[in-house]
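Some notes on the structure that comes next.
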Amino acid sequence: MFRWKISSQTEQEHNETALREAKMKELKALIGQLSGRNSLYCSDACLKRYLEARNWNVGKAKKMLEETLKWRSTFKPEEIRWNEVSGEGETGKVYKAGFHDRHGRTVLILRPGLQNTKSLENQMKHLVYLIENAILNLPEDQEQMSWLIDFTDWSMSTSVPIKSARETINILQNHYPERLAVAFLYNPPRIFEAFWKIVKYFIDAKTFVKVKFVYPKNPESVELMSTFFDEENLPTEFGGKALLQYNYEEFSKQMNQDDVKTANFWGLGHSNNNQLHVSNGFSGAEIAPEPIQTHP
């Protein structure tokens, strides 16, 4: 009986794999021959993410992918360079952390209380640049990133406008499907609840389950966060032991270095000799400085 169950399960898994491979081939056939950047973007791993985001419905995945390719053709995220968005990064309101989570994923830290500009266009350009950079710095065996959102100094007066939040969600879930592993909202103030009641309606079901609220006095939420992060790496702002220090000058140097890798990957640099191509579509290098460790 036990052997029969194992055999049945194995056969079911084999059938599921075969079905998904067939759907991958179908999606490839539907999108047709691609060239240039679209060809580079639409790797097998990429197609799989779009299928996963649409519950393996080929027609819906095709529509989603076509909308992304159209968006990328106008927004041109691969052409954004740090010098174009560096003004947005002066306060460290969004940046790539110098540590990975327990699964080796790149971590983006968001601190909405440090908002320093009013241009929605520039804010989104900055965010997209950093999402692309996070993907660039994923290890070869990872395709997703983690977000840590710090609500220090957050208030309704400094909060991200609804329009900005909606556009952020739209870009993340519609043009970077299955790139987010988890987003921890750490200790949001009570007043944030009113903001969240509006914003959550813009989030699709697959993204919604990845959003986790963490409160220092709630042992269950703190324990959940500890399954994703080592407290030795985690900044004190998120309940860890590491001292978080954002150095704008140093971060700018790192981004300028990564801009060279980005240009090489997309064939936009002076030389393609160092062109990077791995399973996640980007380089796995980690060049952000590690946080300073402190112990109580």
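By convention here, the chains of the structure tokens are called A, B, ... in the order presented, each chain's residues are numbered starting at 1, and ligands are numbered starting at 1 in the order presented.
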Legend entry - Exercise: segment 223-238 of chain A partners within 6 Å, only C-alpha atoms, chain neighbours under 5 positions left out, as a list in words: Asp101, Arg102, Leu243 and Leu244 of chain A
Legend entry - Distance query Ser164 of chain A at most 12 Å, only C-alpha atoms, self and fewer than 6 positions along chain excluded, as number ranges by chain: A: 112, 115, 117-125, 127, 170-171, 199, 202
Print the selection's residues with all heavy atoms to a file, as a short mmCIF file (atom, residue, chain, number, x, y, z; two decimals), in the first residue's frame.
data_model
loop_
_atom_site.label_atom_id
_atom_site.label_comp_id
_atom_site.auth_asym_id
_atom_site.auth_seq_id
_atom_site.Cartn_x
_atom_site.Cartn_y
_atom_site.Cartn_z
N PRO A 112 10.25 54.51 3.98
CA PRO A 112 9.36 55.57 3.44
C PRO A 112 9.37 56.86 4.23
O PRO A 112 9.02 57.91 3.70
CB PRO A 112 7.98 54.89 3.45
CG PRO A 112 8.11 53.76 4.41
CD PRO A 112 9.52 53.28 4.30
N GLN A 115 11.44 59.86 2.64
CA GLN A 115 11.09 60.39 1.32
C GLN A 115 11.63 61.80 1.17
O GLN A 115 11.46 62.65 2.06
CB GLN A 115 9.57 60.37 1.13
CG GLN A 115 9.10 60.89 -0.21
CD GLN A 115 9.66 60.10 -1.38
OE1 GLN A 115 10.64 60.51 -1.99
NE2 GLN A 115 9.06 58.96 -1.66
N THR A 117 11.69 63.54 -2.22
CA THR A 117 11.33 64.18 -3.48
C THR A 117 9.82 64.12 -3.71
O THR A 117 9.11 63.43 -2.98
CB THR A 117 12.03 63.50 -4.68
OG1 THR A 117 11.56 62.14 -4.78
CG2 THR A 117 13.55 63.49 -4.49
N LYS A 118 9.37 64.81 -4.74
CA LYS A 118 7.93 64.85 -5.03
C LYS A 118 7.58 64.29 -6.41
O LYS A 118 6.41 64.06 -6.70
CB LYS A 118 7.40 66.28 -4.91
CG LYS A 118 7.52 66.86 -3.51
CD LYS A 118 6.91 68.24 -3.43
CE LYS A 118 7.04 68.85 -2.03
NZ LYS A 118 6.33 68.05 -1.01
N SER A 119 8.57 64.08 -7.26
CA SER A 119 8.30 63.62 -8.62
C SER A 119 8.02 62.12 -8.64
O SER A 119 8.91 61.31 -8.37
CB SER A 119 9.49 63.93 -9.53
OG SER A 119 9.34 63.27 -10.78
N LEU A 120 6.79 61.74 -8.98
CA LEU A 120 6.43 60.33 -9.05
C LEU A 120 7.24 59.61 -10.12
O LEU A 120 7.71 58.49 -9.92
CB LEU A 120 4.93 60.18 -9.35
CG LEU A 120 4.42 58.74 -9.57
CD1 LEU A 120 4.68 57.89 -8.33
CD2 LEU A 120 2.94 58.76 -9.93
N GLU A 121 7.45 60.28 -11.24
CA GLU A 121 8.21 59.68 -12.33
C GLU A 121 9.64 59.32 -11.88
O GLU A 121 10.12 58.21 -12.14
CB GLU A 121 8.28 60.64 -13.52
CG GLU A 121 9.05 60.08 -14.71
CD GLU A 121 9.12 61.06 -15.87
OE1 GLU A 121 8.48 62.13 -15.79
OE2 GLU A 121 9.83 60.76 -16.86
N ASN A 122 10.28 60.24 -11.20
CA ASN A 122 11.65 59.99 -10.75
C ASN A 122 11.70 58.95 -9.64
O ASN A 122 12.63 58.15 -9.56
CB ASN A 122 12.30 61.30 -10.26
CG ASN A 122 12.61 62.24 -11.40
OD1 ASN A 122 12.70 61.83 -12.56
ND2 ASN A 122 12.73 63.53 -11.09
N GLN A 123 10.70 58.95 -8.78
CA GLN A 123 10.64 57.96 -7.70
C GLN A 123 10.50 56.55 -8.27
O GLN A 123 11.16 55.61 -7.81
CB GLN A 123 9.47 58.27 -6.76
CG GLN A 123 9.67 59.51 -5.91
CD GLN A 123 8.40 59.96 -5.22
OE1 GLN A 123 7.36 59.29 -5.28
NE2 GLN A 123 8.45 61.12 -4.56
N MET A 124 9.65 56.40 -9.27
CA MET A 124 9.45 55.08 -9.88
C MET A 124 10.70 54.65 -10.67
O MET A 124 11.07 53.48 -10.68
CB MET A 124 8.24 55.10 -10.81
CG MET A 124 6.90 55.26 -10.08
SD MET A 124 6.59 53.97 -8.85
CE MET A 124 6.94 54.86 -7.32
N LYS A 125 11.35 55.59 -11.29
CA LYS A 125 12.59 55.30 -12.02
C LYS A 125 13.66 54.80 -11.06
O LYS A 125 14.38 53.84 -11.36
CB LYS A 125 13.06 56.58 -12.73
CG LYS A 125 14.11 56.36 -13.82
CD LYS A 125 14.36 57.67 -14.56
CE LYS A 125 15.35 57.47 -15.70
NZ LYS A 125 15.59 58.73 -16.44
N LEU A 127 13.09 53.38 -8.08
CA LEU A 127 12.68 52.07 -7.58
C LEU A 127 12.97 50.97 -8.60
O LEU A 127 13.52 49.92 -8.26
CB LEU A 127 11.19 52.07 -7.24
CG LEU A 127 10.62 50.73 -6.76
CD1 LEU A 127 11.23 50.34 -5.42
CD2 LEU A 127 9.10 50.79 -6.67
N ASN A 170 1.86 48.02 -8.91
CA ASN A 170 1.63 47.66 -10.31
C ASN A 170 2.91 47.19 -10.98
O ASN A 170 2.93 46.15 -11.66
CB ASN A 170 1.05 48.86 -11.06
CG ASN A 170 1.00 48.62 -12.57
OD1 ASN A 170 0.35 47.71 -13.07
ND2 ASN A 170 1.72 49.45 -13.31
N ILE A 171 3.98 47.93 -10.80
CA ILE A 171 5.25 47.58 -11.43
C ILE A 171 5.77 46.26 -10.88
O ILE A 171 6.20 45.38 -11.64
CB ILE A 171 6.28 48.71 -11.20
CG1 ILE A 171 5.92 49.93 -12.06
CG2 ILE A 171 7.70 48.23 -11.54
CD1 ILE A 171 6.77 51.15 -11.79
N VAL A 199 -4.61 50.65 0.14
CA VAL A 199 -3.56 50.08 -0.70
C VAL A 199 -3.76 48.59 -0.97
O VAL A 199 -3.48 48.11 -2.08
CB VAL A 199 -2.17 50.31 -0.04
CG1 VAL A 199 -1.09 49.52 -0.77
CG2 VAL A 199 -1.84 51.80 -0.06
N PHE A 202 -5.17 47.04 -4.22
CA PHE A 202 -4.41 47.06 -5.47
C PHE A 202 -3.53 45.82 -5.60
O PHE A 202 -2.93 45.61 -6.65
CB PHE A 202 -3.51 48.30 -5.53
CG PHE A 202 -4.22 49.60 -5.33
CD1 PHE A 202 -3.64 50.62 -4.60
CD2 PHE A 202 -5.48 49.81 -5.89
CE1 PHE A 202 -4.29 51.84 -4.42
CE2 PHE A 202 -6.14 51.02 -5.71
CZ PHE A 202 -5.55 52.03 -4.97
#
Inset, instruction - Please measure the separation of atom CA of Tyr95 of chain A and atom CA of Asp44 of chain A, giving the value in Å to one decimal. - result: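 Here the two named atoms are 28.4 Å from each other.
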Inset, instruction - Grab the atom CA of Arg166 of chain A to atom CA of Lys200 of chain A distance for me, in Å with one decimal place. - result: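 It comes out at 9.2 Å.
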Could you tell me, as a PDB file with C-alpha atoms, in the first residue's frame, which residues of segment 122-263 of chain A DSSP assigns to strand (DSSP E) when given the backbone?
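Resulting contents of selection03.pdb:
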ATOM      1  CA  MET A 145      14.407  39.124  -3.512  1.00  0.00           C
ATOM      2  CA  SER A 146      13.207  40.081  -0.042  1.00  0.00           C
ATOM      3  CA  TRP A 147      11.985  43.489   1.072  1.00  0.00           C
ATOM      4  CA  LEU A 148      12.376  44.996   4.544  1.00  0.00           C
ATOM      5  CA  ILE A 149      10.247  48.080   5.146  1.00  0.00           C
ATOM      6  CA  ASP A 150      11.232  50.299   8.078  1.00  0.00           C
ATOM      7  CA  LEU A 180       9.332  39.044  -4.615  1.00  0.00           C
ATOM      8  CA  ALA A 181       9.762  36.305  -2.018  1.00  0.00           C
ATOM      9  CA  VAL A 182       8.518  38.259   0.992  1.00  0.00           C
ATOM     10  CA  ALA A 183       7.973  41.838   2.135  1.00  0.00           C
ATOM     11  CA  PHE A 184       8.180  42.499   5.869  1.00  0.00           C
ATOM     12  CA  LEU A 185       6.440  45.636   7.119  1.00  0.00           C
ATOM     13  CA  TYR A 186       8.193  46.210  10.430  1.00  0.00           C
ATOM     14  CA  VAL A 211       3.280  40.761   2.675  1.00  0.00           C
ATOM     15  CA  LYS A 212       3.967  40.149   6.366  1.00  0.00           C
ATOM     16  CA  PHE A 213       3.411  42.528   9.272  1.00  0.00           C
ATOM     17  CA  VAL A 214       5.940  42.271  12.083  1.00  0.00           C
ATOM     18  CA  ALA A 242      23.607  44.714  13.218  1.00  0.00           C
ATOM     19  CA  LEU A 243      24.117  48.459  13.056  1.00  0.00           C
TER      20      LEU A 243
END
